[in-house]
>>> print(open('protein11.txt').read())   # compact mmCIF, C-alpha atoms
# COMPACT_ATOMS: atom_id res chain seq x y z
CA MET A 270 13.89 19.86 50.80
CA LYS A 271 14.49 23.07 48.82
CA LYS A 272 18.21 22.22 48.54
CA THR A 273 17.36 18.74 47.25
CA LEU A 274 15.03 20.09 44.54
CA LEU A 275 17.60 22.70 43.56
CA SER A 276 20.27 20.00 43.24
CA ILE A 277 18.03 17.86 40.99
CA LEU A 278 17.18 20.81 38.73
CA LEU A 279 20.84 21.81 38.51
CA GLY A 280 21.72 18.24 37.56
CA PHE A 281 19.22 18.25 34.68
CA VAL A 282 20.56 21.56 33.41
CA LEU A 283 24.16 20.33 33.47
CA MET A 284 23.21 17.04 31.72
CA SER A 285 21.53 18.97 28.92
CA PHE A 286 24.84 20.68 28.13
CA LEU A 287 27.06 17.61 28.35
CA PRO A 288 28.68 16.73 24.99
CA GLU A 289 28.53 13.25 23.50
CA VAL A 290 31.34 11.16 24.94
CA PRO A 291 33.86 10.29 22.19
CA GLY A 292 34.28 6.57 21.64
CA LEU A 293 30.84 5.60 22.96
CA PRO A 294 28.44 4.19 20.32
CA GLN A 295 25.56 6.50 19.45
CA LYS A 296 22.41 4.76 18.19
CA ARG A 297 20.93 6.05 14.96
CA THR A 298 17.20 5.68 14.23
CA ILE A 299 16.29 4.69 10.67
CA TYR A 300 12.77 4.70 9.21
CA ALA A 301 11.48 2.93 6.13
CA GLY A 302 8.15 3.74 4.48
CA ILE A 303 5.87 1.25 2.70
CA ALA A 304 2.64 2.29 0.95
CA PHE A 305 -0.26 1.17 -1.19
CA TYR A 306 -2.39 3.22 -3.60
CA ASN A 307 -5.30 2.28 -5.86
CA LEU A 308 -4.65 4.54 -8.88
CA GLU A 309 -8.27 4.37 -10.11
CA ASN A 310 -8.11 3.41 -13.77
CA LEU A 311 -4.68 4.55 -14.85
CA PHE A 312 -5.19 3.86 -18.57
CA ASP A 313 -3.15 5.25 -21.41
CA THR A 314 -4.96 6.44 -24.55
CA LEU A 315 -4.10 3.44 -26.77
CA HIS A 316 -5.99 0.19 -27.26
CA ASP A 317 -4.36 -2.98 -25.94
CA THR A 318 -5.22 -6.00 -28.06
CA GLY A 319 -7.50 -8.41 -26.26
CA LYS A 320 -8.40 -5.96 -23.49
CA ASN A 321 -11.74 -4.24 -22.88
CA ASP A 322 -10.24 -0.77 -22.51
CA TYR A 323 -12.54 0.98 -24.97
CA GLU A 324 -14.07 3.43 -22.49
CA TYR A 325 -10.57 4.84 -21.92
CA LEU A 326 -9.85 5.76 -25.53
CA PRO A 327 -10.20 9.23 -27.10
CA ASP A 328 -13.50 8.21 -28.75
CA GLY A 329 -14.67 6.11 -25.77
CA ALA A 330 -17.26 6.87 -23.11
CA ASN A 331 -14.75 8.82 -20.98
CA ARG A 332 -13.26 10.73 -23.94
CA TRP A 333 -9.89 9.76 -22.54
CA ASP A 334 -7.50 11.99 -24.45
CA THR A 335 -3.86 13.04 -24.03
CA TYR A 336 -4.75 16.06 -21.90
CA LYS A 337 -6.79 14.06 -19.36
CA TYR A 338 -4.15 11.33 -19.27
CA SER A 339 -1.38 13.88 -18.67
CA ARG A 340 -3.35 15.52 -15.88
CA LYS A 341 -3.94 12.14 -14.26
CA LEU A 342 -0.23 11.28 -14.39
CA ASP A 343 0.74 14.64 -12.92
CA LYS A 344 -1.72 14.34 -10.04
CA LEU A 345 -0.84 10.75 -9.18
CA ALA A 346 2.86 11.64 -9.23
CA ARG A 347 2.28 14.35 -6.65
CA VAL A 348 0.59 11.94 -4.26
CA LEU A 349 3.07 9.11 -4.79
CA SER A 350 6.05 11.42 -4.31
CA GLU A 351 4.68 12.60 -0.96
CA LEU A 352 3.98 9.20 0.58
CA CYS A 353 5.97 8.49 3.76
CA THR A 354 7.89 11.78 3.51
CA GLU A 355 6.89 12.82 7.04
CA ARG A 356 9.73 10.65 8.37
CA VAL A 357 11.70 9.64 5.25
CA LYS A 358 12.95 12.49 3.05
CA GLY A 359 13.23 10.19 0.03
CA GLY A 360 9.67 8.94 0.44
CA ALA A 361 8.36 5.39 0.38
CA ALA A 362 10.82 2.62 -0.37
CA PHE A 363 8.10 0.38 -1.84
CA ILE A 364 4.64 1.33 -3.13
CA GLY A 365 2.14 -1.30 -4.25
CA VAL A 366 -0.36 -0.03 -6.82
CA SER A 367 -3.54 -1.34 -8.42
CA GLU A 368 -5.72 -0.42 -11.40
CA VAL A 369 -2.85 0.30 -13.78
CA GLU A 370 -3.28 -0.75 -17.39
CA ASN A 371 0.20 -1.69 -18.52
CA ALA A 372 3.95 -1.08 -18.41
CA ARG A 373 3.58 1.89 -20.78
CA ALA A 374 1.38 3.72 -18.26
CA LEU A 375 3.86 2.92 -15.48
CA SER A 376 6.75 4.21 -17.60
CA ASP A 377 4.85 7.45 -18.20
CA LEU A 378 4.10 7.69 -14.49
CA ILE A 379 7.67 7.37 -13.21
CA ALA A 380 8.81 9.81 -15.92
CA GLN A 381 6.85 12.57 -14.17
CA PRO A 382 9.34 15.06 -12.68
CA LEU A 383 8.31 14.53 -9.04
CA LEU A 384 8.96 10.80 -9.30
CA ALA A 385 11.88 10.98 -11.71
CA GLU A 386 13.88 13.19 -9.35
CA LYS A 387 13.52 10.55 -6.62
CA GLY A 388 14.63 7.83 -9.03
CA TYR A 389 11.58 5.58 -8.78
CA LYS A 390 11.45 2.44 -10.89
CA PHE A 391 8.63 -0.06 -11.36
CA LEU A 392 7.96 -3.79 -11.60
CA HIS A 393 5.00 -5.18 -13.52
CA ILE A 394 3.86 -8.43 -15.14
CA GLU A 395 0.88 -8.40 -17.48
CA GLY A 396 -2.14 -10.11 -15.92
CA ASP A 397 -5.33 -11.73 -17.22
CA ASP A 398 -7.90 -9.12 -16.11
CA LYS A 399 -10.31 -8.52 -19.00
CA ARG A 400 -10.36 -4.75 -18.52
CA GLY A 401 -6.58 -4.77 -18.48
CA VAL A 402 -6.07 -3.36 -14.97
CA ASP A 403 -3.17 -4.92 -13.09
CA VAL A 404 -1.31 -4.74 -9.81
CA ALA A 405 2.30 -3.59 -9.83
CA CYS A 406 4.79 -1.72 -7.68
CA LEU A 407 7.03 1.32 -7.64
CA TYR A 408 10.25 1.26 -5.66
CA ASN A 409 13.13 3.53 -4.80
CA PRO A 410 16.33 1.63 -5.70
CA LYS A 411 18.27 3.57 -3.07
CA MET A 412 16.15 1.86 -0.41
CA PHE A 413 14.76 -1.33 -1.96
CA LYS A 414 16.61 -3.75 -4.22
CA PRO A 415 14.35 -6.36 -5.86
CA ARG A 416 15.69 -9.88 -6.28
CA LYS A 417 12.77 -11.49 -8.11
CA SER A 418 9.15 -10.87 -9.00
CA GLU A 419 6.38 -13.20 -10.10
CA LEU A 420 2.63 -13.37 -10.61
CA ILE A 421 0.89 -15.91 -8.41
CA SER A 422 -1.87 -16.74 -10.85
CA THR A 423 -5.45 -17.01 -9.66
CA THR A 424 -6.91 -17.48 -13.15
CA GLU A 425 -7.42 -21.23 -13.51
CA ALA A 426 -8.59 -21.85 -9.95
CA TYR A 427 -10.86 -18.79 -9.87
CA MET A 428 -12.44 -19.65 -13.23
CA LYS A 429 -13.34 -23.10 -11.91
CA PHE A 430 -14.71 -21.64 -8.68
CA THR A 431 -16.83 -18.96 -10.41
CA ASN A 432 -17.67 -20.87 -13.58
CA GLY A 433 -15.65 -18.65 -15.89
CA LEU A 434 -14.82 -15.35 -14.15
CA ILE A 435 -11.32 -13.87 -14.06
CA THR A 436 -9.80 -11.59 -11.43
CA ARG A 437 -6.39 -10.05 -10.75
CA SER A 438 -3.48 -12.29 -9.80
CA ILE A 439 -1.21 -11.70 -6.79
CA PHE A 440 2.08 -9.91 -7.45
CA HIS A 441 4.97 -11.28 -5.37
CA VAL A 442 8.16 -9.25 -5.08
CA GLU A 443 11.14 -10.44 -3.06
CA GLY A 444 14.07 -8.19 -2.27
CA SER A 445 16.17 -6.25 0.21
CA LEU A 446 14.82 -3.27 2.16
CA LEU A 447 17.84 -1.26 3.32
CA GLY A 448 19.79 -4.49 3.62
CA GLU A 449 17.06 -6.64 5.18
CA PRO A 450 15.17 -9.36 3.23
CA PHE A 451 11.44 -8.80 2.65
CA HIS A 452 8.57 -10.32 0.66
CA PHE A 453 5.77 -8.12 -0.69
CA LEU A 454 2.45 -9.49 -1.94
CA VAL A 455 0.35 -6.92 -3.86
CA ASN A 456 -3.37 -7.63 -4.29
CA HIS A 457 -6.59 -6.41 -5.85
CA TRP A 458 -9.40 -8.74 -4.80
CA PRO A 459 -12.77 -9.17 -6.62
CA SER A 460 -15.12 -6.19 -6.36
CA ARG A 461 -18.05 -5.81 -3.99
CA ALA A 462 -20.32 -6.67 -6.91
CA ALA A 463 -19.12 -10.24 -6.37
CA ALA A 464 -20.15 -12.36 -3.40
CA SER A 465 -18.03 -12.48 -0.24
CA GLU A 466 -17.16 -16.09 -1.08
CA ASN A 467 -15.21 -14.87 -4.14
CA ARG A 468 -12.92 -12.69 -2.04
CA GLU A 469 -12.61 -15.46 0.53
CA PHE A 470 -11.45 -17.78 -2.26
CA ILE A 471 -8.67 -15.37 -3.32
CA ALA A 472 -7.74 -14.83 0.34
CA ARG A 473 -7.17 -18.58 0.70
CA ILE A 474 -4.88 -18.56 -2.35
CA LEU A 475 -2.97 -15.68 -0.72
CA ARG A 476 -2.76 -17.63 2.54
CA GLN A 477 -1.29 -20.58 0.63
CA ALA A 478 1.33 -18.24 -0.85
CA VAL A 479 2.26 -17.01 2.63
CA ASP A 480 2.47 -20.57 3.92
CA SER A 481 4.72 -21.55 1.00
CA ILE A 482 7.14 -18.71 1.75
CA GLN A 483 7.19 -19.59 5.46
CA ARG A 484 7.82 -23.29 4.79
CA ILE A 485 11.03 -22.29 3.02
CA ASP A 486 11.91 -19.58 5.56
CA PRO A 487 9.94 -19.54 8.86
CA ASN A 488 11.55 -16.17 9.68
CA ALA A 489 10.49 -14.50 6.43
CA ARG A 490 9.19 -10.97 6.82
CA ILE A 491 6.10 -10.73 4.64
CA VAL A 492 4.07 -7.60 3.85
CA ILE A 493 0.66 -8.03 2.23
CA MET A 494 -0.99 -5.00 0.69
CA GLY A 495 -3.80 -4.15 -1.64
CA ASP A 496 -7.35 -3.11 -2.36
CA LEU A 497 -9.07 -6.07 -0.73
CA ASN A 498 -12.61 -4.80 -1.42
CA ASP A 499 -13.37 -5.87 2.14
CA ASP A 500 -12.89 -4.19 5.50
CA PRO A 501 -10.34 -5.44 8.06
CA ASP A 502 -12.97 -7.32 10.10
CA ASN A 503 -14.66 -9.03 7.14
CA LYS A 504 -14.56 -12.81 6.87
CA SER A 505 -12.16 -12.88 3.92
CA VAL A 506 -9.48 -11.09 5.94
CA THR A 507 -9.97 -12.53 9.43
CA GLU A 508 -10.88 -16.13 8.58
CA ALA A 509 -9.78 -17.01 5.03
CA LEU A 510 -6.50 -15.08 5.28
CA GLY A 511 -6.26 -15.42 9.05
CA ALA A 512 -5.06 -11.90 9.85
CA LYS A 513 -5.26 -10.95 13.55
CA LEU A 514 -6.82 -7.59 14.40
CA SER A 515 -5.25 -7.32 17.87
CA LYS A 516 -1.69 -7.79 19.07
CA LYS A 517 -3.15 -9.75 21.99
CA LYS A 518 -4.30 -12.42 19.53
CA ILE A 519 -0.81 -12.97 18.14
CA GLN A 520 0.54 -16.37 19.19
CA GLN A 521 3.68 -16.77 17.08
CA PRO A 522 5.95 -14.70 14.80
CA THR A 523 4.50 -16.33 11.66
CA ASP A 524 0.99 -14.98 12.41
CA LEU A 525 -0.38 -12.15 10.29
CA TYR A 526 -1.21 -8.84 11.98
CA ASN A 527 -3.65 -6.28 10.56
CA PRO A 528 -3.38 -2.84 12.25
CA TRP A 529 -6.28 -1.13 10.44
CA ASN A 530 -9.46 -2.22 12.21
CA ASP A 531 -9.34 0.32 15.05
CA MET A 532 -8.82 3.12 12.54
CA LEU A 533 -12.08 2.22 10.82
CA ARG A 534 -14.24 1.08 13.73
CA LYS A 535 -13.00 3.38 16.51
CA LYS A 536 -11.69 6.45 14.69
CA GLY A 537 -14.20 6.31 11.83
CA GLN A 538 -11.50 6.80 9.17
CA GLY A 539 -11.51 4.96 5.85
CA THR A 540 -9.98 5.03 2.39
CA LEU A 541 -13.15 5.30 0.32
CA LEU A 542 -16.69 6.55 0.83
CA TYR A 543 -19.67 4.61 -0.52
CA ASP A 544 -23.32 5.41 0.23
CA ASN A 545 -22.08 7.88 2.88
CA MET A 546 -20.29 5.06 4.71
CA TRP A 547 -16.54 4.76 5.10
CA ASN A 548 -14.77 1.56 4.09
CA LEU A 549 -11.13 0.73 4.61
CA PHE A 550 -10.38 -1.64 1.74
CA ASP A 551 -6.75 -0.52 1.25
CA GLN A 552 -4.80 -2.42 3.85
CA ILE A 553 -1.20 -3.29 4.65
CA ILE A 554 -0.90 -6.51 6.67
CA PHE A 555 2.35 -8.10 7.84
CA THR A 556 3.88 -11.00 9.71
CA ALA A 557 4.09 -10.67 13.48
CA ASN A 558 7.89 -10.86 13.44
CA LEU A 559 7.71 -7.14 12.57
CA LEU A 560 6.19 -6.45 15.99
CA GLY A 561 8.15 -5.94 19.20
CA ASP A 562 10.64 -3.66 20.88
CA ASP A 563 13.89 -5.17 19.63
CA ARG A 564 14.83 -2.60 17.01
CA SER A 565 18.08 -4.20 15.96
CA SER A 566 16.10 -5.05 12.81
CA PHE A 567 13.07 -3.33 11.29
CA LYS A 568 9.94 -3.27 13.42
CA PHE A 569 6.48 -1.80 12.85
CA PHE A 570 6.23 1.82 14.01
CA LYS A 571 2.83 3.13 12.88
CA ASN A 572 0.19 3.08 10.14
CA GLU A 573 -1.65 6.00 8.51
CA ILE A 574 -4.16 6.89 5.83
CA TYR A 575 -2.68 9.62 3.65
CA MET A 576 -5.47 12.13 3.12
CA PRO A 577 -4.26 15.72 2.64
CA ALA A 578 -6.84 18.42 1.98
CA TYR A 579 -6.00 18.77 -1.71
CA MET A 580 -7.03 15.15 -2.33
CA THR A 581 -10.39 15.62 -0.66
CA THR A 582 -13.74 16.66 -2.14
CA THR A 583 -14.78 19.92 -0.52
CA GLU A 584 -18.39 20.38 -1.63
CA GLY A 585 -21.53 18.52 -2.66
CA ARG A 586 -22.86 15.15 -1.54
CA PHE A 587 -19.38 13.57 -1.53
CA THR A 588 -17.76 16.16 0.75
CA GLY A 589 -14.85 14.55 2.58
CA ALA A 590 -14.46 11.72 0.09
CA PRO A 591 -11.37 11.20 -2.07
CA ARG A 592 -11.39 13.53 -5.07
CA ARG A 593 -11.69 11.11 -7.95
CA THR A 594 -10.89 11.25 -11.65
CA ALA A 595 -14.50 11.05 -12.82
CA SER A 596 -17.91 10.84 -11.17
CA GLY A 597 -21.18 9.97 -12.85
CA GLY A 598 -19.45 10.05 -16.22
CA VAL A 599 -18.20 13.61 -15.64
CA TRP A 600 -14.47 14.26 -15.53
CA GLN A 601 -13.48 15.73 -12.15
CA ASP A 602 -9.75 16.23 -12.79
CA GLY A 603 -9.06 14.49 -9.50
CA TYR A 604 -6.73 11.84 -8.17
CA SER A 605 -8.42 8.57 -7.24
CA ASP A 606 -11.54 7.28 -5.53
CA HIS A 607 -9.28 5.82 -2.81
CA PHE A 608 -6.93 7.39 -0.30
CA PRO A 609 -3.53 5.65 -0.06
CA THR A 610 -2.32 3.89 3.05
CA GLN A 611 1.19 3.78 4.47
CA ILE A 612 3.17 2.21 7.29
CA TYR A 613 6.51 3.07 8.82
CA LEU A 614 9.11 0.57 9.99
CA VAL A 615 11.88 1.60 12.35
CA LYS A 616 15.22 0.24 13.52
CA GLU A 617 18.17 1.48 15.57
CA MET A 618 21.80 1.08 14.56
>>> encode(input="protein11.txt", output="structure tokens")
Amino acid sequence: MKKTLLSILLGFVLMSFLPEVPGLPQKRTIYAGIAFYNLENLFDTLHDTGKNDYEYLPDGANRWDTYKYSRKLDKLARVLSELCTERVKGGAAFIGVSEVENARALSDLIAQPLLAEKGYKFLHIEGDDKRGVDVACLYNPKMFKPRKSELISTTEAYMKFTNGLITRSIFHVEGSLLGEPFHFLVNHWPSRAAASENREFIARILRQAVDSIQRIDPNARIVIMGDLNDDPDNKSVTEALGAKLSKKKIQQPTDLYNPWNDMLRKKGQGTLLYDNMWNLFDQIIFTANLLGDDRSSFKFFKNEIYMPAYMTTTEGRFTGAPRRTASGGVWQDGYSDHFPTQIYLVKEM
């Protein structure tokens, strides 16, 4: 028995020193990072005609001057540049963002040194939101190559449904992620001040968009992201959109899978704190063809909330919450009232 054990141990030791055999293929693991971040009122200091942006002007309620704007840009750039860097040195390939005023603010954002050195670019189409806050995306052209982008307008239908209200449209970006085709749908659903039915209405428009893509290409890989203003197990997400909260519920590759519910309900982690309760509004949902063990193409690896200590409030009644730009009308020199979320995809070559 002792000789047998000694032989096994010796075998392991010898194997650990064996060189790679020339000519045999060696698999290489590749990761891709995808993220979403609500930028919490990224306004510049200039008035946009037709937009209610007056509180974010130098003489407005927030006294939004060049210094505060510059600090906001610098802080957001730090967070955005760090997303997905645990496994991808270059950071996230695609980052959906919400609450950004215009292309000028996005230009100023990607000009920040931490983002400029990574080469980030942005895509944006002006929306109909009365405050002027839109959804958009940043992308690293070394990893993601956009083919087309469009706004899936919610304006006319939502105005009829709500008798005159307007909300953000859905931003659809199609392109190639490290050589593989992907669709991204960036969202910012109506706020919690509105009834659940309003978010359910937008979720059904989003579902129609997904169905339209899948009618053209049943194998399309679709990633939905955004501030949904609802938790993963709320009716808008599970019923109107039809996202499954468990892999056991997946029946076909065209189903939508939402990996965030256990993080909120079992781990007690969220992306924003309201009335001392965590919510996880910032979700990344994707088609079930990104699940599975066949890593010859990209597959889902894991999901995370990005919440480093420097982004977190450390004292007072909001201890543990995201360190926001302003609170109660007082400038806090923070980041955002939301933590960002990120997922990793993996494949072997």
>>> axis_aligned_box(input="protein11.txt", around="segment 314-333 of chain A", padding_each_side="5 Å", output="JSON")
{"center_x": -10.7, "center_y": 1.2, "center_z": -24.9, "size_x": 23.2, "size_y": 29.1, "size_z": 17.8}
>>> atom_distance(input="protein11.txt", atom1="atom CA of Pro487 of chain A", atom2="atom CA of Ile554 of chain A")
17.1 Å
>>> closest_atom_pairs(input="protein11.txt", of="segment 544-613 of chain A", to="segment 316-340 of chain A", cutoff="10 Å", atoms="all atoms listed in the file", output="CSV")
residue,atom,partner,partner_atom,distance
A:Thr594,CA,A:Lys337,CA,9.2
A:Ala595,CA,A:Asn331,CA,8.5
A:Gly598,CA,A:Asn331,CA,6.8
A:Val599,CA,A:Asn331,CA,8.0
A:Trp600,CA,A:Asn331,CA,7.7
A:Gln601,CA,A:Lys337,CA,10.0
A:Asp602,CA,A:Arg340,CA,7.1
A:Gly603,CA,A:Arg340,CA,8.6
A:Tyr604,CA,A:Arg340,CA,9.2
>>> closest_residue(input="protein11.txt", among="A:Ser465, A:Thr610, A:Gln520, A:Asn456", to="Glu508 of chain A", atoms="all atoms listed in the file")
A:Ser465
>>> residues_near_point(input="protein11.txt", point="(10.3, 10.7, -8.1)", cutoff="9 Å", atoms="all atoms listed in the file", output="VMD selection string")
chain A and resid 346 to 347 349 to 350 359 to 360 379 to 390 409
>>> atom_distance(input="protein11.txt", atom1="atom CA of Thr298 of chain A", atom2="atom CA of Glu617 of chain A")
4.5 Å
>>> closest_residue(input="protein11.txt", among="A:Val455, A:Val357, A:Asp502, A:Gly511", to="Ile299 of chain A", atoms="only C-alpha atoms")
A:Val357
>>> closest_residue(input="protein11.txt", among="A:Asn503, A:Asn488, A:Thr436, A:Thr424", to="Lys399 of chain A", atoms="only C-alpha atoms")
A:Thr436
>>> atom_distance(input="protein11.txt", atom1="atom CA of Thr583 of chain A", atom2="atom CA of His607 of chain A")
15.3 Å
>>> residues_around(input="protein11.txt", residues="Thr523 of chain A", least_positions_apart="2", cutoff="12 Å", atoms="only C-alpha atoms", output="VMD selection string")
chain A and resid 476 479 to 484 486 to 492 511 to 513 519 to 521 525 to 526 555 to 560
>>> residues_near_point(input="protein11.txt", point="(-13.8, -17.1, -11.8)", cutoff="12 Å", atoms="all atoms listed in the file", output="PyMOL selection string")
chain A and resi 397-399+422-438+458-459+463-464+466-468+470-471
>>> residues_around(input="protein11.txt", residues="Glu370 of chain A", least_positions_apart="2", cutoff="10 Å", atoms="all atoms listed in the file", output="compact mmCIF listing (two decimals) with C-alpha atoms, keeping the file's coordinate frame")
# COMPACT_ATOMS: atom_id res chain seq x y z
CA ASN A 310 -8.11 3.41 -13.77
CA LEU A 311 -4.68 4.55 -14.85
CA PHE A 312 -5.19 3.86 -18.57
CA ASP A 313 -3.15 5.25 -21.41
CA ASP A 317 -4.36 -2.98 -25.94
CA LYS A 320 -8.40 -5.96 -23.49
CA ASP A 322 -10.24 -0.77 -22.51
CA SER A 367 -3.54 -1.34 -8.42
CA GLU A 368 -5.72 -0.42 -11.40
CA ALA A 372 3.95 -1.08 -18.41
CA ARG A 373 3.58 1.89 -20.78
CA ALA A 374 1.38 3.72 -18.26
CA LEU A 375 3.86 2.92 -15.48
CA GLU A 395 0.88 -8.40 -17.48
CA GLY A 396 -2.14 -10.11 -15.92
CA ASP A 398 -7.90 -9.12 -16.11
CA ARG A 400 -10.36 -4.75 -18.52
CA GLY A 401 -6.58 -4.77 -18.48
CA VAL A 402 -6.07 -3.36 -14.97
CA ASP A 403 -3.17 -4.92 -13.09
CA VAL A 404 -1.31 -4.74 -9.81
CA ALA A 405 2.30 -3.59 -9.83
>>> residues_around(input="protein11.txt", residues="segment 440-446 of chain A", least_positions_apart="4", cutoff="8 Å", atoms="all atoms listed in the file", output="list in words")
Ala362, Val404, Ala405, Met412, Phe413, Lys414, Pro415, Arg416, Lys417, Ser418, Glu419, Leu420, Ile421, Pro450, Phe451, His452, Phe453, Leu454, Val455 and Asn456 of chain A
>>> closest_residue(input="protein11.txt", among="A:Leu308, A:Leu342, A:Ile364, A:Met494", to="Phe608 of chain A", atoms="all atoms listed in the file")
A:Leu308
>>> closest_residue(input="protein11.txt", among="A:Gly365, A:Pro528, A:Gly495, A:Gly448", to="Asp551 of chain A", atoms="only C-alpha atoms")
A:Gly495
